[in-house]
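Q: Sharing target_9.json (JSON, C-alpha atoms) below.
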```
[["chain", "number", "residue", "atom", "x", "y", "z"],
["A", 1, "MET", "CA", 5.20, 16.15, -26.28],
["A", 2, "GLN", "CA", 1.66, 16.10, -24.88],
["A", 3, "ILE", "CA", -0.38, 13.67, -22.81],
["A", 4, "ALA", "CA", -2.79, 11.83, -25.09],
["A", 5, "SER", "CA", -4.74, 9.51, -22.78],
["A", 6, "VAL", "CA", -5.23, 8.38, -19.18],
["A", 7, "GLU", "CA", -6.59, 4.93, -18.26],
["A", 8, "THR", "CA", -7.44, 3.32, -14.93],
["A", 9, "PHE", "CA", -7.39, -0.36, -14.01],
["A", 10, "THR", "CA", -8.76, -1.85, -10.78],
["A", 11, "LEU", "CA", -7.34, -5.20, -9.72],
["A", 12, "LYS", "CA", -8.73, -7.68, -7.18],
["A", 13, "ILE", "CA", -6.61, -10.80, -6.84],
["A", 14, "ARG", "CA", -7.27, -13.75, -4.54],
["A", 15, "HIS", "CA", -4.41, -15.44, -2.73],
["A", 16, "THR", "CA", -4.06, -18.66, -0.79],
["A", 17, "ASP", "CA", -2.86, -16.80, 2.32],
["A", 18, "ALA", "CA", -4.98, -13.87, 3.49],
["A", 19, "TYR", "CA", -2.97, -10.83, 4.60],
["A", 20, "LEU", "CA", -4.04, -11.23, 8.23],
["A", 21, "GLY", "CA", -4.44, -15.00, 8.19],
["A", 22, "ALA", "CA", -7.50, -17.25, 8.30],
["A", 23, "LEU", "CA", -10.67, -16.04, 9.97],
["A", 24, "PRO", "CA", -10.86, -16.98, 13.67],
["A", 25, "ASP", "CA", -13.83, -19.31, 13.20],
["A", 26, "GLY", "CA", -12.27, -21.03, 10.22],
["A", 27, "SER", "CA", -15.11, -20.04, 7.89],
["A", 28, "ASP", "CA", -14.64, -19.23, 4.25],
["A", 29, "VAL", "CA", -13.53, -15.70, 3.48],
["A", 30, "PRO", "CA", -16.57, -13.58, 2.51],
["A", 31, "ALA", "CA", -16.72, -11.72, -0.77],
["A", 32, "GLY", "CA", -17.13, -8.22, 0.68],
["A", 33, "TYR", "CA", -15.21, -6.02, 3.10],
["A", 34, "GLN", "CA", -15.28, -6.56, 6.82],
["A", 35, "VAL", "CA", -13.79, -5.42, 10.11],
["A", 36, "ARG", "CA", -11.53, -8.13, 11.50],
["A", 37, "ALA", "CA", -11.46, -8.03, 15.30],
["A", 38, "PRO", "CA", -9.46, -6.85, 17.20],
["A", 39, "TRP", "CA", -8.66, -4.41, 14.40],
["A", 40, "ARG", "CA", -11.11, -1.64, 13.49],
["A", 41, "SER", "CA", -10.36, -0.91, 9.85],
["A", 42, "LEU", "CA", -12.02, -2.50, 6.85],
["A", 43, "TYR", "CA", -10.10, -5.28, 5.13],
["A", 44, "SER", "CA", -10.58, -7.15, 1.87],
["A", 45, "PRO", "CA", -10.21, -10.90, 1.30],
["A", 46, "ARG", "CA", -8.31, -9.99, -1.88],
["A", 47, "PHE", "CA", -5.28, -7.97, -2.81],
["A", 48, "GLU", "CA", -6.87, -4.84, -4.29],
["A", 49, "THR", "CA", -5.26, -1.88, -5.99],
["A", 50, "LEU", "CA", -5.70, 0.82, -8.63],
["A", 51, "LEU", "CA", -3.27, 1.20, -11.52],
["A", 52, "VAL", "CA", -3.18, 4.36, -13.64],
["A", 53, "LYS", "CA", -1.66, 4.52, -17.12],
["A", 54, "VAL", "CA", -0.74, 7.89, -18.66],
["A", 55, "VAL", "CA", 0.16, 7.78, -22.36],
["A", 56, "ALA", "CA", 2.02, 10.42, -24.38],
["A", 57, "GLN", "CA", 1.41, 11.25, -28.04],
["A", 58, "ASP", "CA", 4.20, 8.94, -29.19],
["A", 59, "GLY", "CA", 2.70, 5.97, -27.32],
["A", 60, "THR", "CA", 5.14, 6.01, -24.39],
["A", 61, "ALA", "CA", 3.31, 5.07, -21.19],
["A", 62, "GLY", "CA", 3.92, 5.80, -17.52],
["A", 63, "TRP", "CA", 2.35, 3.75, -14.73],
["A", 64, "GLY", "CA", 1.27, 4.68, -11.21],
["A", 65, "GLU", "CA", -0.38, 2.82, -8.34],
["A", 66, "ALA", "CA", -2.74, 4.16, -5.69],
["A", 67, "LEU", "CA", -2.97, 3.22, -2.05],
["A", 68, "ALA", "CA", -6.28, 1.40, -2.53],
["A", 69, "PRO", "CA", -6.44, -1.80, -0.43],
["A", 70, "VAL", "CA", -10.24, -1.46, -0.38],
["A", 71, "ALA", "CA", -12.62, -0.01, -2.99],
["A", 72, "PRO", "CA", -10.11, 0.91, -5.71],
["A", 73, "GLU", "CA", -13.16, 1.85, -7.79],
["A", 74, "VAL", "CA", -13.44, 5.07, -5.74],
["A", 75, "PRO", "CA", -10.07, 6.68, -6.61],
["A", 76, "ALA", "CA", -10.47, 5.28, -10.13],
["A", 77, "ARG", "CA", -13.68, 7.28, -10.50],
["A", 78, "ILE", "CA", -11.91, 10.41, -9.27],
["A", 79, "VAL", "CA", -9.20, 9.93, -11.88],
["A", 80, "ASP", "CA", -11.72, 9.32, -14.66],
["A", 81, "LEU", "CA", -14.08, 12.19, -13.79],
["A", 82, "LEU", "CA", -11.82, 14.91, -12.36],
["A", 83, "LEU", "CA", -8.14, 14.34, -13.09],
["A", 84, "ALA", "CA", -7.88, 12.76, -16.54],
["A", 85, "PRO", "CA", -9.77, 15.52, -18.40],
["A", 86, "ALA", "CA", -7.43, 18.15, -16.91],
["A", 87, "LEU", "CA", -4.34, 16.17, -17.96],
["A", 88, "LEU", "CA", -5.14, 15.72, -21.64],
["A", 89, "GLY", "CA", -2.95, 17.96, -23.76],
["A", 90, "GLN", "CA", -0.59, 18.84, -20.90],
["A", 91, "ASN", "CA", 3.19, 18.66, -21.29],
["A", 92, "ALA", "CA", 4.24, 15.05, -20.74],
["A", 93, "LEU", "CA", 7.75, 16.20, -19.81],
["A", 94, "ALA", "CA", 6.57, 18.43, -16.94],
["A", 95, "PRO", "CA", 5.19, 16.30, -14.09],
["A", 96, "ARG", "CA", 5.45, 18.97, -11.40],
["A", 97, "PRO", "CA", 3.27, 21.59, -13.14],
["A", 98, "ALA", "CA", 0.81, 18.86, -14.10],
["A", 99, "TRP", "CA", 0.48, 17.66, -10.50],
["A", 100, "SER", "CA", 0.08, 21.23, -9.27],
["A", 101, "ARG", "CA", -2.76, 21.73, -11.75],
["A", 102, "LEU", "CA", -4.48, 18.57, -10.51],
["A", 103, "ARG", "CA", -4.05, 19.51, -6.84],
["A", 104, "ASP", "CA", -5.66, 22.89, -7.44],
["A", 105, "LEU", "CA", -8.79, 21.38, -9.00],
["A", 106, "MET", "CA", -10.34, 20.52, -5.63],
["A", 107, "ARG", "CA", -8.19, 22.49, -3.17],
["A", 108, "GLU", "CA", -10.87, 24.97, -2.13],
["A", 109, "ARG", "CA", -13.20, 22.07, -1.34],
["A", 110, "GLY", "CA", -10.67, 20.47, 1.01],
["A", 111, "HIS", "CA", -10.38, 17.38, -1.17],
["A", 112, "LEU", "CA", -6.67, 16.75, -0.67],
["A", 113, "VAL", "CA", -6.93, 13.73, 1.61],
["A", 114, "GLY", "CA", -8.48, 10.26, 1.56],
["A", 115, "HIS", "CA", -9.47, 8.84, -1.81],
["A", 116, "GLN", "CA", -8.67, 12.16, -3.50],
["A", 117, "ALA", "CA", -5.09, 11.99, -2.25],
["A", 118, "ASP", "CA", -4.84, 8.34, -3.33],
["A", 119, "ALA", "CA", -5.98, 9.26, -6.83],
["A", 120, "LEU", "CA", -3.56, 12.21, -7.01],
["A", 121, "ALA", "CA", -0.67, 10.04, -5.85],
["A", 122, "ALA", "CA", -1.34, 7.37, -8.47],
["A", 123, "VAL", "CA", -1.44, 9.93, -11.28],
["A", 124, "ASP", "CA", 1.63, 11.76, -9.94],
["A", 125, "THR", "CA", 3.63, 8.52, -9.91],
["A", 126, "ALA", "CA", 2.53, 7.79, -13.48],
["A", 127, "LEU", "CA", 3.52, 11.30, -14.60],
["A", 128, "TRP", "CA", 7.03, 10.92, -13.21],
["A", 129, "ASP", "CA", 7.36, 7.45, -14.69],
["A", 130, "LEU", "CA", 6.29, 8.82, -18.07],
["A", 131, "ALA", "CA", 8.72, 11.75, -17.88],
["A", 132, "GLY", "CA", 11.58, 9.44, -16.94],
["A", 133, "ARG", "CA", 10.86, 7.14, -19.86],
["A", 134, "LEU", "CA", 10.64, 10.04, -22.30],
["A", 135, "HIS", "CA", 13.93, 11.48, -21.02],
["A", 136, "GLY", "CA", 15.51, 8.02, -21.02],
["A", 137, "VAL", "CA", 16.71, 8.28, -17.40],
["A", 138, "PRO", "CA", 15.55, 6.90, -14.04],
["A", 139, "VAL", "CA", 13.10, 9.06, -12.10],
["A", 140, "ALA", "CA", 15.74, 9.45, -9.38],
["A", 141, "ALA", "CA", 17.92, 11.30, -11.90],
["A", 142, "LEU", "CA", 15.08, 13.74, -12.65],
["A", 143, "LEU", "CA", 14.77, 14.41, -8.91],
["A", 144, "GLY", "CA", 18.47, 15.19, -8.50],
["A", 145, "GLY", "CA", 20.01, 11.77, -7.98],
["A", 146, "ALA", "CA", 19.61, 8.69, -5.80],
["A", 147, "PHE", "CA", 20.93, 8.58, -2.23],
["A", 148, "ARG", "CA", 21.30, 4.78, -2.35],
["A", 149, "ASP", "CA", 21.02, 1.89, -4.79],
["A", 150, "ARG", "CA", 19.61, -0.68, -2.36],
["A", 151, "LEU", "CA", 16.43, -0.44, -0.27],
["A", 152, "PRO", "CA", 15.64, -2.43, 2.89],
["A", 153, "THR", "CA", 12.40, -4.45, 2.85],
["A", 154, "TYR", "CA", 10.44, -6.50, 5.36],
["A", 155, "VAL", "CA", 7.92, -9.34, 5.36],
["A", 156, "SER", "CA", 4.52, -7.91, 6.32],
["A", 157, "GLY", "CA", 2.68, -10.40, 8.51],
["A", 158, "LEU", "CA", 2.93, -14.09, 9.32],
["A", 159, "PRO", "CA", -0.60, -15.23, 8.37],
["A", 160, "ARG", "CA", -0.87, -18.32, 10.55],
["A", 161, "PRO", "CA", -3.33, -18.98, 13.43],
["A", 162, "THR", "CA", -0.88, -20.20, 16.13],
["A", 163, "ASP", "CA", 2.51, -19.11, 17.44],
["A", 164, "PRO", "CA", 4.28, -22.37, 16.51],
["A", 165, "GLU", "CA", 3.03, -21.97, 12.95],
["A", 166, "ARG", "CA", 4.07, -18.31, 12.86],
["A", 167, "ALA", "CA", 7.48, -19.26, 14.19],
["A", 168, "GLU", "CA", 7.85, -21.92, 11.50],
["A", 169, "LEU", "CA", 6.94, -19.41, 8.80],
["A", 170, "ALA", "CA", 9.38, -16.86, 10.24],
["A", 171, "ALA", "CA", 12.18, -19.43, 10.17],
["A", 172, "ASP", "CA", 11.31, -20.18, 6.54],
["A", 173, "TRP", "CA", 11.50, -16.51, 5.61],
["A", 174, "GLN", "CA", 14.84, -16.20, 7.41],
["A", 175, "ALA", "CA", 16.21, -19.18, 5.48],
["A", 176, "ARG", "CA", 15.09, -17.51, 2.25],
["A", 177, "GLY", "CA", 17.08, -14.39, 3.05],
["A", 178, "ALA", "CA", 14.54, -12.10, 4.70],
["A", 179, "ARG", "CA", 16.02, -9.74, 7.28],
["A", 180, "ALA", "CA", 12.94, -8.25, 8.95],
["A", 181, "VAL", "CA", 9.31, -9.07, 9.65],
["A", 182, "LYS", "CA", 6.36, -6.99, 10.87],
["A", 183, "LEU", "CA", 3.93, -8.74, 13.21],
["A", 184, "HIS", "CA", 0.24, -7.89, 13.31],
["A", 185, "LEU", "CA", -0.59, -7.70, 17.02],
["A", 186, "GLY", "CA", -3.46, -6.43, 19.17],
["A", 187, "HIS", "CA", -4.76, -9.69, 20.64],
["A", 188, "GLY", "CA", -3.76, -8.84, 24.22],
["A", 189, "VAL", "CA", -0.40, -7.81, 25.66],
["A", 190, "ALA", "CA", 0.51, -11.24, 27.04],
["A", 191, "GLU", "CA", -0.53, -13.02, 23.85],
["A", 192, "ASP", "CA", 1.34, -10.50, 21.71],
["A", 193, "LEU", "CA", 4.53, -10.89, 23.73],
["A", 194, "ALA", "CA", 4.28, -14.67, 23.40],
["A", 195, "THR", "CA", 4.10, -14.25, 19.62],
["A", 196, "VAL", "CA", 7.16, -12.00, 19.60],
["A", 197, "ASP", "CA", 9.11, -14.47, 21.73],
["A", 198, "ALA", "CA", 8.15, -17.41, 19.52],
["A", 199, "VAL", "CA", 9.23, -15.62, 16.37],
["A", 200, "ARG", "CA", 12.44, -14.34, 17.94],
["A", 201, "ASP", "CA", 13.40, -17.82, 19.15],
["A", 202, "ALA", "CA", 12.71, -19.43, 15.77],
["A", 203, "ALA", "CA", 14.30, -16.73, 13.61],
["A", 204, "PRO", "CA", 16.88, -14.84, 15.71],
["A", 205, "ALA", "CA", 18.39, -13.10, 12.68],
["A", 206, "LEU", "CA", 15.11, -11.39, 11.77],
["A", 207, "ARG", "CA", 14.52, -7.86, 12.97],
["A", 208, "ILE", "CA", 11.00, -7.57, 14.38],
["A", 209, "ALA", "CA", 8.58, -4.67, 13.91],
["A", 210, "VAL", "CA", 5.09, -4.65, 15.37],
["A", 211, "ASP", "CA", 1.74, -3.12, 14.42],
["A", 212, "ALA", "CA", -1.19, -3.34, 16.85],
["A", 213, "HIS", "CA", -3.55, -1.51, 14.45],
["A", 214, "TRP", "CA", -4.84, 0.93, 17.11],
["A", 215, "ALA", "CA", -6.23, -1.91, 19.23],
["A", 216, "TYR", "CA", -4.80, -0.66, 22.57],
["A", 217, "ARG", "CA", -5.44, 2.18, 24.95],
["A", 218, "PRO", "CA", -2.36, 4.19, 26.05],
["A", 219, "ALA", "CA", -1.69, 2.14, 29.21],
["A", 220, "GLN", "CA", -1.75, -1.15, 27.30],
["A", 221, "ALA", "CA", 0.39, 0.29, 24.51],
["A", 222, "ARG", "CA", 3.00, 1.48, 27.02],
["A", 223, "LYS", "CA", 3.06, -1.95, 28.66],
["A", 224, "LEU", "CA", 3.54, -3.69, 25.34],
["A", 225, "ALA", "CA", 6.26, -1.25, 24.28],
["A", 226, "ALA", "CA", 8.16, -1.73, 27.57]]
```
Just give me the structure as structure tokens.

A:
Amino acid sequence: MQIASVETFTLKIRHTDAYLGALPDGSDVPAGYQVRAPWRSLYSPRFETLLVKVVAQDGTAGWGEALAPVAPEVPARIVDLLLAPALLGQNALAPRPAWSRLRDLMRERGHLVGHQADALAAVDTALWDLAGRLHGVPVAALLGGAFRDRLPTYVSGLPRPTDPERAELAADWQARGARAVKLHLGHGVAEDLATVDAVRDAAPALRIAVDAHWAYRPAQARKLAA
């Protein structure tokens, strides 16, 4: 059984609630990417991702997704230009040798991180999905068996502008069965602690994780952690 085709699909979906909440000045969300203070990374106003479809000769398809929250066109181009041609005709039942072949394509150029790694990961996931479907077993079985049959999850972000509104949203998530939430912090230690307290008071059953997105120097980070 050989691999017959590889396709890429970039998705950009709008949502009523932005991942990090409304912009501070209340303006409309712009179309392009931007740095949202106090955070330093680029963010998109949409949910963006890259999907990769690998199809075997019999029409069976495996799907993979890249880590591509911005510019999914970049890893898609890597898949189309560099990875897909090397996959055609390879054994669809052998994901590990196929991934090793793809990794070696750019290894001597140091291209094993960033968008290259995102593209490799998407294709690798699709290869395993395809192999599992062809074998008729879950991917976990191909890897030697699952350690567990349930996975913990958490709500990522409470996209509201004020602590009372975040607390209300946290209580709603708790009522719907959520068990953990991650807060996007970095607005100042005192302000961050006030947010944590508000959420904890409103939803005491929720476990709380925090992410300050590299906004603090070591002294501030230690203070917040304490």

Q: Compile the contact shell of stretch 170-184 of chain A as a list in words: residues with an atom at most 9 Å away, counting all atoms listed in the file, same-chain residues fewer than 3 positions apart removed.

A: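 Everything that qualifies: Leu20, Pro152, Thr153, Tyr154, Val155, Ser156, Gly157, Leu158, Pro159, Glu165, Arg166, Ala167, Asp192, Thr195, Val196, Val199, Arg200, Ala202, Ala203, Pro204, Ala205, Leu206, Arg207, Ile208, Ala209, Val210, Asp211, Ala212 and His213 of chain A.
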
Q: For the selection just defined, write its residues with C-alpha atoms to a file, as a PDB file, in the coordinates of the input.

A:
```pdb
ATOM      1  CA  LEU A  20      -4.040 -11.230   8.230  1.00  0.00           C
ATOM      2  CA  PRO A 152      15.640  -2.430   2.890  1.00  0.00           C
ATOM      3  CA  THR A 153      12.400  -4.450   2.850  1.00  0.00           C
ATOM      4  CA  TYR A 154      10.440  -6.500   5.360  1.00  0.00           C
ATOM      5  CA  VAL A 155       7.920  -9.340   5.360  1.00  0.00           C
ATOM      6  CA  SER A 156       4.520  -7.910   6.320  1.00  0.00           C
ATOM      7  CA  GLY A 157       2.680 -10.400   8.510  1.00  0.00           C
ATOM      8  CA  LEU A 158       2.930 -14.090   9.320  1.00  0.00           C
ATOM      9  CA  PRO A 159      -0.600 -15.230   8.370  1.00  0.00           C
ATOM     10  CA  GLU A 165       3.030 -21.970  12.950  1.00  0.00           C
ATOM     11  CA  ARG A 166       4.070 -18.310  12.860  1.00  0.00           C
ATOM     12  CA  ALA A 167       7.480 -19.260  14.190  1.00  0.00           C
ATOM     13  CA  ASP A 192       1.340 -10.500  21.710  1.00  0.00           C
ATOM     14  CA  THR A 195       4.100 -14.250  19.620  1.00  0.00           C
ATOM     15  CA  VAL A 196       7.160 -12.000  19.600  1.00  0.00           C
ATOM     16  CA  VAL A 199       9.230 -15.620  16.370  1.00  0.00           C
ATOM     17  CA  ARG A 200      12.440 -14.340  17.940  1.00  0.00           C
ATOM     18  CA  ALA A 202      12.710 -19.430  15.770  1.00  0.00           C
ATOM     19  CA  ALA A 203      14.300 -16.730  13.610  1.00  0.00           C
ATOM     20  CA  PRO A 204      16.880 -14.840  15.710  1.00  0.00           C
ATOM     21  CA  ALA A 205      18.390 -13.100  12.680  1.00  0.00           C
ATOM     22  CA  LEU A 206      15.110 -11.390  11.770  1.00  0.00           C
ATOM     23  CA  ARG A 207      14.520  -7.860  12.970  1.00  0.00           C
ATOM     24  CA  ILE A 208      11.000  -7.570  14.380  1.00  0.00           C
ATOM     25  CA  ALA A 209       8.580  -4.670  13.910  1.00  0.00           C
ATOM     26  CA  VAL A 210       5.090  -4.650  15.370  1.00  0.00           C
ATOM     27  CA  ASP A 211       1.740  -3.120  14.420  1.00  0.00           C
ATOM     28  CA  ALA A 212      -1.190  -3.340  16.850  1.00  0.00           C
ATOM     29  CA  HIS A 213      -3.550  -1.510  14.450  1.00  0.00           C
TER      30      HIS A 213
END
```

Q: Using Å and a single decimal, report how far atom CA of A:Val52 sits from atom CA of A:Val123.

A: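 These two atoms are separated by 6.3 Å.
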
Q: Which is closer to A:Met106 than all the others in A:Leu87, A:Leu82, A:Leu93, A:Ala225, using only C-alpha atoms?

A: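 Selected residue with least distance to A:Met106: A:Leu82.
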
Q: With a distance cut-off of 12 Å and all atoms listed in the file, select the neighbouring residues of A:Thr125, excluding the residue or stretch itself and same-chain residues fewer than 2 positions from it, and output the selection as an NGL selection string.

A: :A and (51-54 or 61-67 or 95-96 or 98-99 or 118-123 or 127-132 or 139)

Q: So what do you get for atom CA of A:Gly186 versus atom CA of A:Arg14, distance-wise?

A: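 Between these atoms lies a distance of 25.1 Å.
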
Q: Give me, please, the distance in Å between atom CA of A:Ala226 and atom CA of A:Asp201, quoted to one decimal.

A: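 Atom CA of A:Ala226 sits 18.9 Å away from atom CA of A:Asp201.
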
Q: Up to 12 Å from (-9.9, 17.2, -5.5) in the file's coordinates: name the residues, counting all atoms listed in the file, as a PyMOL selection string.

A: chain A and resi 75+77-79+81-83+86+99-121

Q: Keeping only C-alpha atoms, write those residues as an mmCIF file, in the coordinates of the input.

A:
```cif
data_model
loop_
_atom_site.group_PDB
_atom_site.id
_atom_site.type_symbol
_atom_site.label_atom_id
_atom_site.label_comp_id
_atom_site.auth_asym_id
_atom_site.auth_seq_id
_atom_site.Cartn_x
_atom_site.Cartn_y
_atom_site.Cartn_z
ATOM 1 C CA PRO A 75 -10.070 6.680 -6.610
ATOM 2 C CA ARG A 77 -13.680 7.280 -10.500
ATOM 3 C CA ILE A 78 -11.910 10.410 -9.270
ATOM 4 C CA VAL A 79 -9.200 9.930 -11.880
ATOM 5 C CA LEU A 81 -14.080 12.190 -13.790
ATOM 6 C CA LEU A 82 -11.820 14.910 -12.360
ATOM 7 C CA LEU A 83 -8.140 14.340 -13.090
ATOM 8 C CA ALA A 86 -7.430 18.150 -16.910
ATOM 9 C CA TRP A 99 0.480 17.660 -10.500
ATOM 10 C CA SER A 100 0.080 21.230 -9.270
ATOM 11 C CA ARG A 101 -2.760 21.730 -11.750
ATOM 12 C CA LEU A 102 -4.480 18.570 -10.510
ATOM 13 C CA ARG A 103 -4.050 19.510 -6.840
ATOM 14 C CA ASP A 104 -5.660 22.890 -7.440
ATOM 15 C CA LEU A 105 -8.790 21.380 -9.000
ATOM 16 C CA MET A 106 -10.340 20.520 -5.630
ATOM 17 C CA ARG A 107 -8.190 22.490 -3.170
ATOM 18 C CA GLU A 108 -10.870 24.970 -2.130
ATOM 19 C CA ARG A 109 -13.200 22.070 -1.340
ATOM 20 C CA GLY A 110 -10.670 20.470 1.010
ATOM 21 C CA HIS A 111 -10.380 17.380 -1.170
ATOM 22 C CA LEU A 112 -6.670 16.750 -0.670
ATOM 23 C CA VAL A 113 -6.930 13.730 1.610
ATOM 24 C CA GLY A 114 -8.480 10.260 1.560
ATOM 25 C CA HIS A 115 -9.470 8.840 -1.810
ATOM 26 C CA GLN A 116 -8.670 12.160 -3.500
ATOM 27 C CA ALA A 117 -5.090 11.990 -2.250
ATOM 28 C CA ASP A 118 -4.840 8.340 -3.330
ATOM 29 C CA ALA A 119 -5.980 9.260 -6.830
ATOM 30 C CA LEU A 120 -3.560 12.210 -7.010
ATOM 31 C CA ALA A 121 -0.670 10.040 -5.850
#
```

Q: Given the point (-3.8, 7.7, -21.9) in the coordinates of this file, which residues lie within 6 Å, counting all atoms listed in the file, and how would they look as a ChimeraX atom specification?

A: /A:4-7,54-55

Q: Smallest atom-to-atom distance to A:Gln2: which of A:Ala94, A:Val74, A:Leu193, A:Ala84, using all atoms listed in the file?

A: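 Nearest to A:Gln2: A:Ala94.
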
Q: Restricting the calculation to all atoms listed in the file: of A:Ala141, A:Ala146, A:Val189, A:Met1, which residue gets closest to A:Thr60?

A: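 Between A:Ala141, A:Ala146, A:Val189, A:Met1, the residue approaching A:Thr60 most closely is A:Met1.
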
Q: Compare A:Glu73, A:Ala56, A:Lys223, A:Phe47 by their minimum atom-to-atom distance to A:Gly89, counting all atoms listed in the file, and give me the closest one.

A: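 Smallest distance to A:Gly89 is found for A:Ala56.
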
Q: For A:Leu88, which residue out of A:Ile3, A:Pro38, A:Asp124, A:Pro138 is the nearest one, using all atoms listed in the file?

A: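 The answer is A:Ile3, which sits nearest to A:Leu88.
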
Q: Go through A:Leu185, A:Ala219, A:Ala190, A:Ala92 and flag the residue nearest A:Ala37, using all atoms listed in the file for the distances.

A: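 Of the candidates, the smallest distance to A:Ala37 is held by A:Leu185.
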